[in-house]
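Structure data (mmCIF, C-alpha atoms) from query20.cif:
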```cif
data_target
loop_
_atom_site.label_atom_id
_atom_site.label_comp_id
_atom_site.auth_asym_id
_atom_site.auth_seq_id
_atom_site.Cartn_x
_atom_site.Cartn_y
_atom_site.Cartn_z
CA MET Y 1 -0.22 13.17 -30.64
CA SER Y 2 -2.21 13.45 -33.83
CA GLY Y 3 -2.78 11.04 -36.69
CA PRO Y 4 -5.42 9.91 -39.14
CA ASP Y 5 -8.16 7.75 -37.69
CA PRO Y 6 -8.89 4.66 -39.83
CA ARG Y 7 -12.61 5.01 -39.13
CA GLY Y 8 -12.75 8.41 -40.81
CA ARG Y 9 -13.20 10.39 -37.64
CA PRO Y 10 -11.54 13.76 -37.05
CA ARG Y 11 -7.87 13.64 -36.15
CA TRP Y 12 -6.94 13.10 -32.51
CA HIS Y 13 -5.55 15.99 -30.64
CA ARG Y 14 -3.77 15.22 -27.40
CA GLU Y 15 -1.46 17.45 -25.44
CA ARG Y 16 1.74 15.51 -24.73
CA ALA Y 17 3.08 16.07 -21.24
CA PRO Y 18 6.85 16.04 -20.75
CA ILE Y 19 8.26 12.59 -19.92
CA PHE Y 20 9.24 13.61 -16.39
CA TRP Y 21 5.87 15.22 -15.56
CA TRP Y 22 5.71 13.07 -12.41
CA LEU Y 23 8.79 14.68 -10.83
CA GLY Y 24 6.99 17.99 -10.33
CA LYS Y 25 4.88 16.97 -7.36
CA TRP Y 26 5.58 14.46 -4.57
CA SER Y 27 2.19 12.72 -4.91
CA TYR Y 28 2.90 12.06 -8.61
CA THR Y 29 6.42 10.80 -7.81
CA ALA Y 30 5.00 8.54 -5.08
CA PHE Y 31 2.53 7.17 -7.62
CA ILE Y 32 5.30 6.30 -10.09
CA ILE Y 33 7.43 4.74 -7.30
CA ARG Y 34 4.39 2.68 -6.29
CA GLU Y 35 4.00 1.47 -9.86
CA LEU Y 36 7.73 0.67 -10.08
CA THR Y 37 7.55 -1.55 -6.97
CA SER Y 38 6.17 -4.14 -9.42
CA LEU Y 39 9.72 -4.52 -10.80
CA PHE Y 40 10.89 -5.52 -7.33
CA VAL Y 41 7.97 -7.93 -6.89
CA ALA Y 42 9.04 -9.69 -10.11
CA TYR Y 43 12.71 -9.60 -9.02
CA ALA Y 44 11.83 -11.23 -5.67
CA ALA Y 45 9.87 -13.96 -7.46
CA VAL Y 46 12.86 -14.73 -9.70
CA LEU Y 47 15.28 -14.63 -6.77
CA LEU Y 48 13.09 -17.00 -4.76
CA LEU Y 49 13.19 -19.47 -7.62
CA LEU Y 50 16.99 -19.13 -8.00
CA HIS Y 51 17.42 -19.59 -4.24
CA LEU Y 52 15.26 -22.70 -4.31
CA ARG Y 53 17.21 -24.07 -7.28
CA ALA Y 54 20.50 -23.54 -5.43
CA LEU Y 55 19.10 -25.27 -2.33
CA ALA Y 56 17.79 -28.20 -4.37
CA THR Y 57 21.01 -28.56 -6.39
CA GLY Y 58 23.17 -29.31 -3.35
CA ALA Y 59 25.35 -28.04 -0.54
CA GLU Y 60 28.00 -26.53 -2.80
CA ALA Y 61 25.51 -24.57 -4.93
CA THR Y 62 23.82 -23.35 -1.73
CA LEU Y 63 27.13 -22.16 -0.27
CA ARG Y 64 27.95 -20.27 -3.47
CA PHE Y 65 24.50 -18.65 -3.49
CA GLU Y 66 24.75 -17.71 0.20
CA GLU Y 67 28.21 -16.27 -0.37
CA TRP Y 68 26.73 -14.02 -3.04
CA LEU Y 69 23.91 -13.04 -0.66
CA ARG Y 70 26.47 -12.06 1.99
CA ALA Y 71 28.48 -9.77 -0.32
CA PRO Y 72 28.18 -6.16 0.89
CA TRP Y 73 26.68 -4.77 -2.31
CA THR Y 74 24.16 -7.65 -2.51
CA ARG Y 75 23.11 -6.97 1.08
CA ALA Y 76 22.69 -3.26 0.38
CA TRP Y 77 20.72 -4.02 -2.79
CA HIS Y 78 18.45 -6.48 -0.99
CA ALA Y 79 17.83 -4.03 1.84
CA PHE Y 80 16.61 -1.62 -0.87
CA VAL Y 81 14.51 -4.39 -2.49
CA LEU Y 82 12.94 -5.12 0.91
CA GLY Y 83 12.09 -1.42 1.29
CA MET Y 84 10.35 -1.44 -2.08
CA LEU Y 85 8.44 -4.64 -1.21
CA LEU Y 86 7.25 -3.05 2.03
CA TYR Y 87 6.22 0.07 0.12
CA HIS Y 88 4.27 -2.20 -2.25
CA ALA Y 89 2.50 -3.86 0.70
CA GLU Y 90 1.73 -0.56 2.42
CA THR Y 91 0.32 1.11 -0.70
CA TRP Y 92 -1.53 -2.06 -1.72
CA PHE Y 93 -3.29 -2.38 1.63
CA ARG Y 94 -4.05 1.35 1.65
CA LEU Y 95 -5.98 0.89 -1.61
CA ALA Y 96 -7.94 -2.08 -0.26
CA PRO Y 97 -10.72 -0.11 1.53
CA GLN Y 98 -11.44 1.70 -1.76
CA ALA Y 99 -11.51 -1.55 -3.75
CA LEU Y 100 -13.54 -3.57 -1.22
CA ALA Y 101 -17.00 -2.52 -0.12
CA VAL Y 102 -17.65 -5.08 2.61
CA ARG Y 103 -21.08 -5.08 4.23
CA VAL Y 104 -21.97 -6.87 7.44
CA GLY Y 105 -25.62 -6.87 8.49
CA GLY Y 106 -26.44 -4.18 5.90
CA LYS Y 107 -23.78 -1.81 7.26
CA ARG Y 108 -20.60 -0.97 5.43
CA VAL Y 109 -17.46 -2.07 7.28
CA PRO Y 110 -15.31 1.01 8.06
CA SER Y 111 -12.14 1.53 6.02
CA ALA Y 112 -9.98 1.34 9.14
CA ALA Y 113 -11.31 -2.15 9.91
CA ILE Y 114 -10.59 -3.38 6.36
CA LEU Y 115 -7.09 -1.92 6.57
CA ALA Y 116 -6.51 -3.48 9.99
CA GLY Y 117 -7.72 -6.85 8.65
CA HIS Y 118 -5.16 -6.70 5.85
CA TRP Y 119 -2.32 -5.87 8.23
CA ALA Y 120 -3.43 -8.66 10.57
CA ALA Y 121 -3.31 -11.10 7.63
CA TRP Y 122 0.10 -9.70 6.70
CA ALA Y 123 1.38 -10.28 10.24
CA ALA Y 124 0.04 -13.85 10.24
CA PHE Y 125 1.58 -14.69 6.85
CA SER Y 126 4.87 -13.05 7.83
CA ALA Y 127 5.04 -14.99 11.11
CA ALA Y 128 4.29 -18.21 9.20
CA ALA Y 129 7.01 -17.47 6.63
CA TRP Y 130 9.49 -16.65 9.40
CA PHE Y 131 8.64 -19.86 11.28
CA LEU Y 132 8.78 -22.07 8.18
CA LEU Y 133 12.08 -20.64 6.90
CA ALA Y 134 13.96 -19.82 10.08
CA GLY Y 135 12.13 -21.97 12.64
CA GLY Y 136 12.76 -19.42 15.37
CA GLY Y 137 16.48 -20.20 15.20
CA SER Y 138 19.20 -17.59 15.53
CA MET U 1 -3.02 -5.37 -33.63
CA ARG U 2 -5.56 -4.75 -30.89
CA LEU U 3 -5.89 -6.88 -27.76
CA PRO U 4 -9.46 -8.01 -27.09
CA ARG U 5 -11.17 -5.82 -24.52
CA THR U 6 -12.75 -8.88 -22.93
CA TRP U 7 -9.33 -9.90 -21.59
CA GLU U 8 -9.11 -6.86 -19.38
CA PRO U 9 -11.03 -8.28 -16.36
CA PHE U 10 -8.91 -11.44 -16.57
CA ARG U 11 -5.67 -9.45 -16.68
CA TRP U 12 -6.89 -7.27 -13.84
CA ALA U 13 -7.72 -10.37 -11.76
CA LEU U 14 -4.17 -11.71 -12.31
CA PHE U 15 -2.74 -8.29 -11.43
CA SER U 16 -4.70 -7.91 -8.21
CA SER U 17 -4.17 -11.50 -7.03
CA GLY U 18 -0.47 -11.04 -7.69
CA GLY U 19 -0.44 -7.75 -5.81
CA MET U 20 -2.12 -9.34 -2.80
CA ALA U 21 0.04 -12.49 -2.79
CA ALA U 22 3.20 -10.39 -3.13
CA ALA U 23 2.13 -7.98 -0.37
CA LEU U 24 1.34 -10.82 2.05
CA LEU U 25 4.27 -13.14 1.37
CA LEU U 26 7.25 -11.39 -0.18
CA PRO U 27 8.36 -8.85 2.48
CA ALA U 28 8.82 -11.50 5.19
CA THR U 29 10.40 -13.95 2.73
CA ALA U 30 12.82 -11.29 1.49
CA PHE U 31 13.63 -10.19 5.03
CA VAL U 32 14.36 -13.69 6.34
CA LEU U 33 16.13 -15.16 3.29
CA TRP U 34 17.99 -12.20 1.82
CA VAL U 35 18.46 -9.64 4.60
CA ALA U 36 18.38 -11.22 8.07
CA ALA U 37 20.04 -14.57 7.29
CA PRO U 38 22.96 -13.09 5.26
CA ALA U 39 23.48 -10.54 8.06
CA GLY U 40 23.59 -13.35 10.63
CA TRP U 41 20.53 -12.05 12.53
CA VAL U 42 18.64 -15.34 12.10
CA GLY U 43 19.67 -18.87 11.23
CA LEU U 44 17.77 -20.62 8.45
CA ARG U 45 16.51 -24.15 8.84
CA PRO U 46 18.94 -26.78 7.48
CA ARG U 47 19.10 -27.00 3.67
CA GLU U 48 17.39 -30.41 3.54
CA ASP U 49 14.46 -29.08 5.60
CA LEU U 50 14.07 -26.02 3.35
CA VAL U 51 14.16 -28.17 0.22
CA GLY U 52 11.64 -30.58 1.78
CA LEU U 53 9.36 -27.69 2.67
CA LEU U 54 9.54 -25.78 -0.61
CA LEU U 55 9.39 -28.88 -2.82
CA HIS U 56 6.59 -30.48 -0.83
CA PRO U 57 3.50 -30.62 -3.11
CA LEU U 58 1.90 -27.84 -1.02
CA GLY U 59 5.06 -25.74 -1.17
CA ARG U 60 5.24 -26.21 -4.94
CA LEU U 61 1.58 -25.24 -5.26
CA VAL U 62 2.07 -22.04 -3.24
CA LEU U 63 5.13 -21.12 -5.32
CA SER U 64 3.32 -22.08 -8.54
CA ALA U 65 0.74 -19.42 -7.66
CA LEU U 66 3.02 -16.81 -6.09
CA VAL U 67 5.69 -16.67 -8.78
CA PRO U 68 3.51 -16.44 -11.95
CA LEU U 69 1.05 -14.06 -10.24
CA SER U 70 3.97 -11.82 -9.28
CA PHE U 71 5.03 -11.74 -12.94
CA PHE U 72 1.51 -10.81 -14.09
CA HIS U 73 1.32 -8.16 -11.37
CA TRP U 74 4.52 -6.68 -12.79
CA ALA U 75 3.20 -6.90 -16.37
CA HIS U 76 0.02 -4.96 -15.64
CA ARG U 77 1.63 -2.24 -13.54
CA PHE U 78 4.66 -1.82 -15.74
CA ARG U 79 2.46 -1.52 -18.81
CA TYR U 80 0.58 1.41 -17.30
CA THR U 81 3.78 2.96 -15.93
CA LEU U 82 5.12 3.07 -19.47
CA TYR U 83 1.82 4.50 -20.74
CA ASP U 84 1.47 7.17 -18.09
CA GLY U 85 5.01 7.74 -16.89
CA LEU U 86 6.78 7.79 -20.22
CA GLN U 87 3.76 8.87 -22.29
CA LEU U 88 4.01 5.86 -24.61
CA LYS U 89 0.29 5.39 -25.26
CA HIS U 90 0.91 5.19 -29.00
CA LEU U 91 2.87 1.93 -28.47
CA ASN U 92 -0.12 0.37 -26.70
CA ALA U 93 -0.25 -2.99 -28.50
CA LEU U 94 3.52 -3.48 -28.56
CA ILE U 95 3.98 -2.72 -24.85
CA ALA U 96 1.02 -4.89 -23.83
CA SER U 97 2.35 -7.80 -25.92
CA ILE U 98 5.85 -7.49 -24.44
CA CYS U 99 4.60 -7.17 -20.85
CA TYR U 100 1.93 -9.89 -20.83
CA GLY U 101 3.86 -12.10 -23.27
CA GLY U 102 6.98 -11.73 -21.12
CA ALA U 103 5.01 -12.58 -17.97
CA ALA U 104 3.47 -15.63 -19.64
CA ALA U 105 6.84 -16.88 -20.93
CA ALA U 106 8.53 -16.26 -17.55
CA SER U 107 5.66 -18.04 -15.78
CA LEU U 108 5.97 -21.11 -18.01
CA ALA U 109 9.74 -21.17 -17.43
CA ALA U 110 9.21 -20.79 -13.66
CA LEU U 111 6.65 -23.61 -13.58
CA ALA U 112 8.99 -25.84 -15.59
CA VAL U 113 11.81 -25.17 -13.08
CA LEU U 114 9.51 -25.63 -10.07
CA TRP U 115 8.09 -28.96 -11.14
CA THR U 116 11.33 -30.50 -12.42
CA LEU U 117 13.55 -29.73 -9.43
#
```
Could you show the structure in this file as C-alpha cells?
Amino acid sequence: MSGPDPRGRPRWHRERAPIFWWLGKWSYTAFIIRELTSLFVAYAAVLLLLHLRALATGAEATLRFEEWLRAPWTRAWHAFVLGMLLYHAETWFRLAPQALAVRVGGKRVPSAAILAGHWAAWAAFSAAAWFLLAGGGS
Amino acid sequence: MRLPRTWEPFRWALFSSGGMAAALLLPATAFVLWVAAPAGWVGLRPREDLVGLLLHPLGRLVLSALVPLSFFHWAHRFRYTLYDGLQLKHLNALIASICYGGAAAASLAALAVLWTL
C-alpha cells in the first residue's frame, strides 16, 4: 500500500500479500484457526447468558431452549464449538511458558512445569464446573 | 482518528485475562451444558438449583467477569486476524473501533441482563 504521509515523510511502500497467504503452510493456517477460536469464545459467552436467561425465565422457556439444544444440527454445531474451545485452551496454555518467566529461588521454572500447572488448574476448574452444573448425576 | 497508544497495555490485559478465563472455564461448561446434557450422557442439576447457583452473588460475579472478558478477548484477537489474515491494516482505526466498541457494548448489555434477571 502506498499513500502520502501527512508528516511529509517519503511515501510508504509495503508489499501486499494475497488475502489467503495463510493457506499456503499448515503452521500459518493453524495460527489463523487459533485466532478465530476467539469467535467461539464470544459465542460461548453469549450462549451461556441465553441459557441462564432461559433457566431464570421459567420451566417452559428452559424446555424450549433444551429442545433447541437437542436438535441434531445444534448438537453437531456445539460439538464443533467445543472442539474450537479446546483448541483455544490448548494453544493458550502452550503459549504460557513463553509469556511467564517464573523464578523460584533464583532458578527459572521449566516450561514443562508451567504447562503442567496450567493443565492442573484446567482440570480443577473443569471438575468444579462439572460438579456445580451436573452434580455427578447421570 | 488514532487510538491512544497508552490504551494498548490495558487492552492487552483484558485480552489475556479473557483468554485465560475462557480456557479454564468454557470447555467444561460447553461440554456439560451443550454437548453431554443434550446427548443424555449426564443429567443437569434441577433448574431451580442451577438458577440459584448462577444467580447467587458469587455466580453473578464470576459471570460478570467471564462474559465481558470473553468479549474483549474476541475483540483483540479478531482485530489482529483482520489485520494480518485479511491484510486490512489500512482500516486500523475503523476495525479497532468496531471490535473494542462492539465488545464494550456487548459487555454492558450482558451485565444489564445478568444483574436484572
* Asked: Any chance you could work out the residue set of the PyMOL selection byres ((chain Y) within 8 of (chain U)) here, as a PyMOL selection string?
  -> chain Y and resi 16-22+32+35-36+38-39+41-42+44-46+49+52-53+55-56+59+66+69-70+75+78-79+82+85-86+88-90+92+121-122+125-127+129-130+132-138
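Atom pair atom CA of Glu67 of chain Y / atom CA of Ala128 of chain Y has a distance of 25.8 Å (rounded to one decimal).
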* atom CA of Leu100 of chain Y to atom CA of Leu58 of chain U, straight-line distance in Å -> 28.8 Å
* Structure fact -> One decimal place gives the atom CA of Ala96 of chain U-atom CA of Val62 of chain U separation as 26.8 Å
* Using the chain letters and numbers from the file, which residues does the PyMOL selection byres ((chain Y and resi 105-117) around 12) grab, as JSON, numbers by chain? -> {"Y": [89, 90, 91, 92, 93, 94, 95, 96, 97, 98, 99, 100, 101, 102, 103, 104, 118, 119, 120, 121, 122, 123, 124], "U": [24]}
Kindly list the centre and edge lengths in Å, rounded to one decimal, for the axis-aligned box that covers all listed atoms of segment 73-82 of chain Y plus 4 Å on each of its six sides, as JSON.
```
{"center_x": 19.8, "center_y": -4.6, "center_z": -0.5, "size_x": 21.7, "size_y": 14.0, "size_z": 12.6}
```
Output of segment 86-99 of chain U limited to all heavy atoms, as a short mmCIF file (atom, residue, chain, number, x, y, z; two decimals), in the first residue's frame:
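Final output, part_21.cif:
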```cif
data_model
loop_
_atom_site.label_atom_id
_atom_site.label_comp_id
_atom_site.auth_asym_id
_atom_site.auth_seq_id
_atom_site.Cartn_x
_atom_site.Cartn_y
_atom_site.Cartn_z
N LEU U 86 -6.55 -10.83 6.69
CA LEU U 86 -7.17 -10.24 5.51
C LEU U 86 -6.43 -9.00 5.01
O LEU U 86 -6.90 -8.32 4.11
CB LEU U 86 -8.64 -9.88 5.80
CG LEU U 86 -9.54 -11.07 6.15
CD1 LEU U 86 -10.96 -10.61 6.37
CD2 LEU U 86 -9.52 -12.12 5.04
N GLN U 87 -5.27 -8.72 5.63
CA GLN U 87 -4.43 -7.60 5.16
C GLN U 87 -5.20 -6.28 5.16
O GLN U 87 -5.21 -5.55 4.16
CB GLN U 87 -3.93 -7.90 3.74
CG GLN U 87 -3.21 -9.22 3.62
CD GLN U 87 -1.76 -9.10 4.06
OE1 GLN U 87 -1.04 -8.25 3.57
NE2 GLN U 87 -1.36 -9.93 4.99
N LEU U 88 -5.88 -6.00 6.26
CA LEU U 88 -6.70 -4.78 6.32
C LEU U 88 -6.07 -3.72 7.23
O LEU U 88 -6.77 -2.99 7.92
CB LEU U 88 -8.11 -5.13 6.83
CG LEU U 88 -8.93 -6.04 5.92
CD1 LEU U 88 -10.27 -6.38 6.55
CD2 LEU U 88 -9.17 -5.39 4.56
N LYS U 89 -4.75 -3.63 7.20
CA LYS U 89 -4.07 -2.70 8.12
C LYS U 89 -4.48 -1.26 7.88
O LYS U 89 -4.45 -0.43 8.79
CB LYS U 89 -2.56 -2.85 7.97
CG LYS U 89 -2.02 -4.13 8.56
CD LYS U 89 -0.52 -4.08 8.65
CE LYS U 89 0.05 -5.30 9.38
NZ LYS U 89 -0.11 -6.55 8.66
N HIS U 90 -4.89 -0.95 6.64
CA HIS U 90 -5.24 0.44 6.33
C HIS U 90 -6.56 0.86 6.99
O HIS U 90 -6.88 2.03 7.04
CB HIS U 90 -5.30 0.64 4.82
CG HIS U 90 -6.24 -0.31 4.12
ND1 HIS U 90 -6.01 -1.68 4.08
CD2 HIS U 90 -7.38 -0.10 3.46
CE1 HIS U 90 -6.99 -2.26 3.40
NE2 HIS U 90 -7.84 -1.33 3.02
N LEU U 91 -7.34 -0.15 7.47
CA LEU U 91 -8.60 0.19 8.15
C LEU U 91 -8.44 0.11 9.67
O LEU U 91 -9.41 -0.09 10.40
CB LEU U 91 -9.72 -0.76 7.70
CG LEU U 91 -10.06 -0.70 6.21
CD1 LEU U 91 -11.12 -1.73 5.88
CD2 LEU U 91 -10.55 0.69 5.83
N ASN U 92 -7.21 0.29 10.12
CA ASN U 92 -6.83 0.18 11.52
C ASN U 92 -7.85 0.77 12.49
O ASN U 92 -8.43 0.07 13.33
CB ASN U 92 -5.47 0.89 11.66
CG ASN U 92 -4.91 0.80 13.06
OD1 ASN U 92 -5.63 0.43 13.99
ND2 ASN U 92 -3.66 1.15 13.23
N ALA U 93 -8.08 2.09 12.37
CA ALA U 93 -8.92 2.78 13.36
C ALA U 93 -10.36 2.28 13.32
O ALA U 93 -10.98 2.07 14.36
CB ALA U 93 -8.88 4.28 13.12
N LEU U 94 -10.86 2.05 12.11
CA LEU U 94 -12.25 1.59 11.96
C LEU U 94 -12.43 0.21 12.60
O LEU U 94 -13.36 -0.01 13.38
CB LEU U 94 -12.61 1.55 10.47
CG LEU U 94 -14.03 1.05 10.18
CD1 LEU U 94 -15.05 2.06 10.67
CD2 LEU U 94 -14.22 0.80 8.68
N ILE U 95 -11.51 -0.71 12.27
CA ILE U 95 -11.63 -2.08 12.81
C ILE U 95 -11.49 -2.07 14.32
O ILE U 95 -12.26 -2.72 15.04
CB ILE U 95 -10.55 -2.99 12.18
CG1 ILE U 95 -10.88 -3.22 10.70
CG2 ILE U 95 -10.48 -4.33 12.91
CD1 ILE U 95 -9.80 -3.95 9.96
N ALA U 96 -10.52 -1.32 14.84
CA ALA U 96 -10.33 -1.27 16.30
C ALA U 96 -11.59 -0.71 16.97
O ALA U 96 -12.04 -1.24 17.99
CB ALA U 96 -9.12 -0.42 16.64
N SER U 97 -12.18 0.34 16.38
CA SER U 97 -13.38 0.93 16.99
C SER U 97 -14.53 -0.07 17.00
O SER U 97 -15.25 -0.20 18.00
CB SER U 97 -13.84 2.17 16.22
OG SER U 97 -12.77 3.05 16.10
N ILE U 98 -14.70 -0.79 15.87
CA ILE U 98 -15.81 -1.76 15.78
C ILE U 98 -15.58 -2.89 16.79
O ILE U 98 -16.50 -3.28 17.52
CB ILE U 98 -15.96 -2.30 14.35
CG1 ILE U 98 -16.47 -1.18 13.43
CG2 ILE U 98 -16.90 -3.50 14.31
CD1 ILE U 98 -16.51 -1.54 11.97
N CYS U 99 -14.35 -3.41 16.84
CA CYS U 99 -14.08 -4.57 17.71
C CYS U 99 -14.21 -4.18 19.19
O CYS U 99 -14.98 -4.79 19.93
CB CYS U 99 -12.70 -5.14 17.44
SG CYS U 99 -12.62 -6.00 15.85
#
```
